[in-house]
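**Q** Before I ask anything, here is the structure I am working with.
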Amino acid sequence: MKGSTFARSQRGAIVLGILCIVGTLVVFQLWLLTATMEAYLGGNDDIVIPAALASVGCFLLNFGILHFYMRRLDR
Amino acid sequence: MRPHDEENVSAAPDGAPPGEQPHWRRQFPIDVAEDEYRSRRDFTKLLGLTSLAFVSGQGFIIAQSITKKSEGPLPEIDVAALDELEVGMAKVFQYPHEGNACVLVRISEDNFVAYGQKCTHLSCPVIPKPRDGKFYCPCHNGSFDLHTGRPLAGPPRRALPKVTLKMANGRIIATGLEHGVV
């Protein structure tokens, strides 16, 4: 296995940055889920699909960040 | 080429470089910087899974919405006779299915209203108080307007689901839900 091109402290800082981005997206998803549930229970179905698409978008972004950047850091 | 790492202070017992260590040893490092990196990385991965769980939650809401739409129009159910309730009296009935308690209130000689009985905060049964013009939830002191079902006080933020009614042949018949989920 090859060593990383970053020093350990550098990797720590980078992963902290990634953590902030992913954390922000997850908090947004949490808000989206609660708002959608509230709207659905209130009888508003129109928001359900767009909210789900936004949530999927956030997940894909998270997955992309984790898949491509984290793997590069681990190399 | 990997830069010189001053925090690379510990050496594995076999003396091999970190990249050649077994997987378990790389997951439980001794050096502080490496340990911080690993724990932050694992937490970030956990957040990734949390993100997937939220997507699943959205999928569940979509499934519920589709199921509700595919059920078609709600049934018409005979609730009470017109002269069964005096002004200011109420009757609990099940609509649209058994287990979905709703409450019918006669607010004047000619006017009846019916709403789902579950408080929109935490589903406690609301109590009609026609003299005060409201439904009262004793769990957290919530109250709803008797005429519109809208929340007046306390923690509820959503209106009570309104049951639409029609009068026919001296009977009061529930015909559907105006908004919300009972």
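For the structure tokens, the naming scheme is as follows: chains receive sequential letters (A, B, ...) according to their order of presentation, residues are indexed from 1 within each chain, and ligands are indexed from 1 in presentation order.
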Would you give me, as a VMD selection string, the residues of chain A that come within 6 Å of chain B, using only C-alpha atoms?
**A** chain A and resid 1 3 5 7 to 9 12 19 26 41 to 43 52 55 to 56 59
**Q** Could the residues in this selection be saved with N, CA and C atoms as a CSV table (one decimal), in the first residue's frame?
**A**
```
chain,number,residue,atom,x,y,z
A,1,MET,N,0.8,-1.2,0.0
A,1,MET,CA,0.0,0.0,0.0
A,1,MET,C,0.9,1.3,0.0
A,3,GLY,N,1.9,5.2,0.6
A,3,GLY,CA,1.6,6.2,1.7
A,3,GLY,C,0.8,7.3,1.1
A,5,THR,N,-0.2,11.2,0.1
A,5,THR,CA,0.7,12.3,-0.3
A,5,THR,C,0.6,13.5,0.7
A,7,ALA,N,0.7,14.8,4.9
A,7,ALA,CA,1.1,14.5,6.2
A,7,ALA,C,-0.1,14.2,7.1
A,8,ARG,N,0.0,13.6,8.2
A,8,ARG,CA,-1.1,13.2,9.0
A,8,ARG,C,-1.9,14.4,9.5
A,9,SER,N,-1.2,15.5,9.9
A,9,SER,CA,-1.9,16.6,10.4
A,9,SER,C,-2.7,17.3,9.3
A,12,GLY,N,-5.8,15.3,8.7
A,12,GLY,CA,-6.7,15.6,9.8
A,12,GLY,C,-7.5,16.9,9.5
A,19,LEU,N,-15.8,16.9,6.9
A,19,LEU,CA,-16.8,16.6,7.9
A,19,LEU,C,-17.8,17.8,8.1
A,26,VAL,N,-26.1,17.1,6.0
A,26,VAL,CA,-27.0,16.2,6.8
A,26,VAL,C,-28.0,17.0,7.7
A,41,LEU,N,-48.3,15.8,6.8
A,41,LEU,CA,-49.4,15.6,7.8
A,41,LEU,C,-50.4,16.7,7.8
A,42,GLY,N,-50.0,17.9,7.3
A,42,GLY,CA,-50.9,19.0,7.2
A,42,GLY,C,-51.7,18.9,5.9
A,43,GLY,N,-51.5,17.9,5.1
A,43,GLY,CA,-52.4,17.7,3.9
A,43,GLY,C,-51.7,18.3,2.7
A,52,ALA,N,-37.9,15.2,-1.6
A,52,ALA,CA,-37.2,13.9,-1.7
A,52,ALA,C,-36.0,14.1,-2.7
A,55,SER,N,-33.3,15.9,-1.1
A,55,SER,CA,-32.6,15.0,-0.2
A,55,SER,C,-31.6,14.0,-0.9
A,56,VAL,N,-32.1,13.5,-2.0
A,56,VAL,CA,-31.3,12.6,-2.8
A,56,VAL,C,-30.1,13.3,-3.3
A,59,PHE,N,-27.6,13.6,-0.6
A,59,PHE,CA,-26.9,12.3,-0.3
A,59,PHE,C,-25.9,12.0,-1.4
```
**Q** When DSSP is applied to the backbone of this structure, which of chain B are assigned alpha helix (DSSP H)? Write them out as a ChimeraX atom specification.
**A** /B:23-27,32-70
**Q** For Phe93 in chain B, please output as a list in words all residues within 8 Å (counting only C-alpha atoms; exclusion window: fewer than 6 positions along the same chain).
**A** Val79, Ala101, Cys102, Val103 and Leu104 of chain B
**Q** Write to file, as a PDB file, in the first residue's frame, the residues of the selection just made, with N, CA and C atoms.
**A**
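Output (part25.pdb):
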```
ATOM      1  N   VAL B  79     -73.076   9.189  10.500  1.00  0.00           N
ATOM      2  CA  VAL B  79     -72.484   9.513  11.807  1.00  0.00           C
ATOM      3  C   VAL B  79     -73.554   9.591  12.901  1.00  0.00           C
ATOM      4  N   ALA B 101     -60.321   8.099  15.395  1.00  0.00           N
ATOM      5  CA  ALA B 101     -61.403   8.777  16.111  1.00  0.00           C
ATOM      6  C   ALA B 101     -61.589  10.207  15.605  1.00  0.00           C
ATOM      7  N   CYS B 102     -62.842  10.566  15.395  1.00  0.00           N
ATOM      8  CA  CYS B 102     -63.201  11.935  15.012  1.00  0.00           C
ATOM      9  C   CYS B 102     -64.313  12.385  15.954  1.00  0.00           C
ATOM     10  N   VAL B 103     -64.516  13.680  16.022  1.00  0.00           N
ATOM     11  CA  VAL B 103     -65.539  14.172  16.931  1.00  0.00           C
ATOM     12  C   VAL B 103     -66.474  15.138  16.194  1.00  0.00           C
ATOM     13  N   LEU B 104     -67.761  14.874  16.343  1.00  0.00           N
ATOM     14  CA  LEU B 104     -68.796  15.699  15.723  1.00  0.00           C
ATOM     15  C   LEU B 104     -69.360  16.619  16.803  1.00  0.00           C
TER      16      LEU B 104
END
```
**Q** Quick one, how far is CA of Lys129 in chain B from CA of Val105 in chain B?
**A**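 These two atoms are separated by 9.3 Å.
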**Q** Could you list, as a ChimeraX atom specification, every residue within 7 Å of Cys58 in chain A, counting only C-alpha atoms and ignoring same-chain residues fewer than 4 positions away?
**A** /A:25,54,62
**Q** Please determine, counting only C-alpha atoms, which residue among B:Gly88, B:Gly15, B:Gly99, B:Pro75 has the shortest atom-to-atom distance to Arg131 in chain B.
**A** B:Gly88
**Q** Which one of B:Ile30, B:Ala63, B:Cys139, B:Cys119 sits closest to Asp45 in chain A if you count only C-alpha atoms?
**A**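 The answer is B:Ala63, which sits nearest to Asp45 in chain A.
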**Q** In Å, rounded to a single decimal, give me how far CA of Pro128 in chain B is from CA of Asn141 in chain B.
**A**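 Value for the CA of Asn141 in chain B-CA of Pro128 in chain B distance: 13.1 Å.
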**Q** Considering only C-alpha atoms, return as a VMD selection string whatever protein or nucleic-acid residues lie within 12 Å of Asn111 in chain B, sequence-local ones (same chain, fewer than 5 positions apart) excluded.
**A** chain B and resid 82 85 to 89 104 to 106 146 to 147 165 to 167 172
**Q** Kindly give the distance, in Å, that separates CA of Arg71 in chain A and CA of Gln29 in chain A, rounded to a single decimal.
**A** 23.9 Å
**Q** Please report, as a PyMOL selection string, each residue of chain B to which DSSP assigns strand (DSSP E or B) when run on this structure's backbone.
**A** chain B and resi 77-81+90-94+101-106+112-116+118+125+127-129+134-137+142-145+151-153+162-168+171-177
**Q** Which residue gives the smallest distance to Ile65 in chain A among A:Leu32, A:Ile18, A:Ala39, A:Ala13, with only C-alpha atoms counted?
**A** A:Ile18
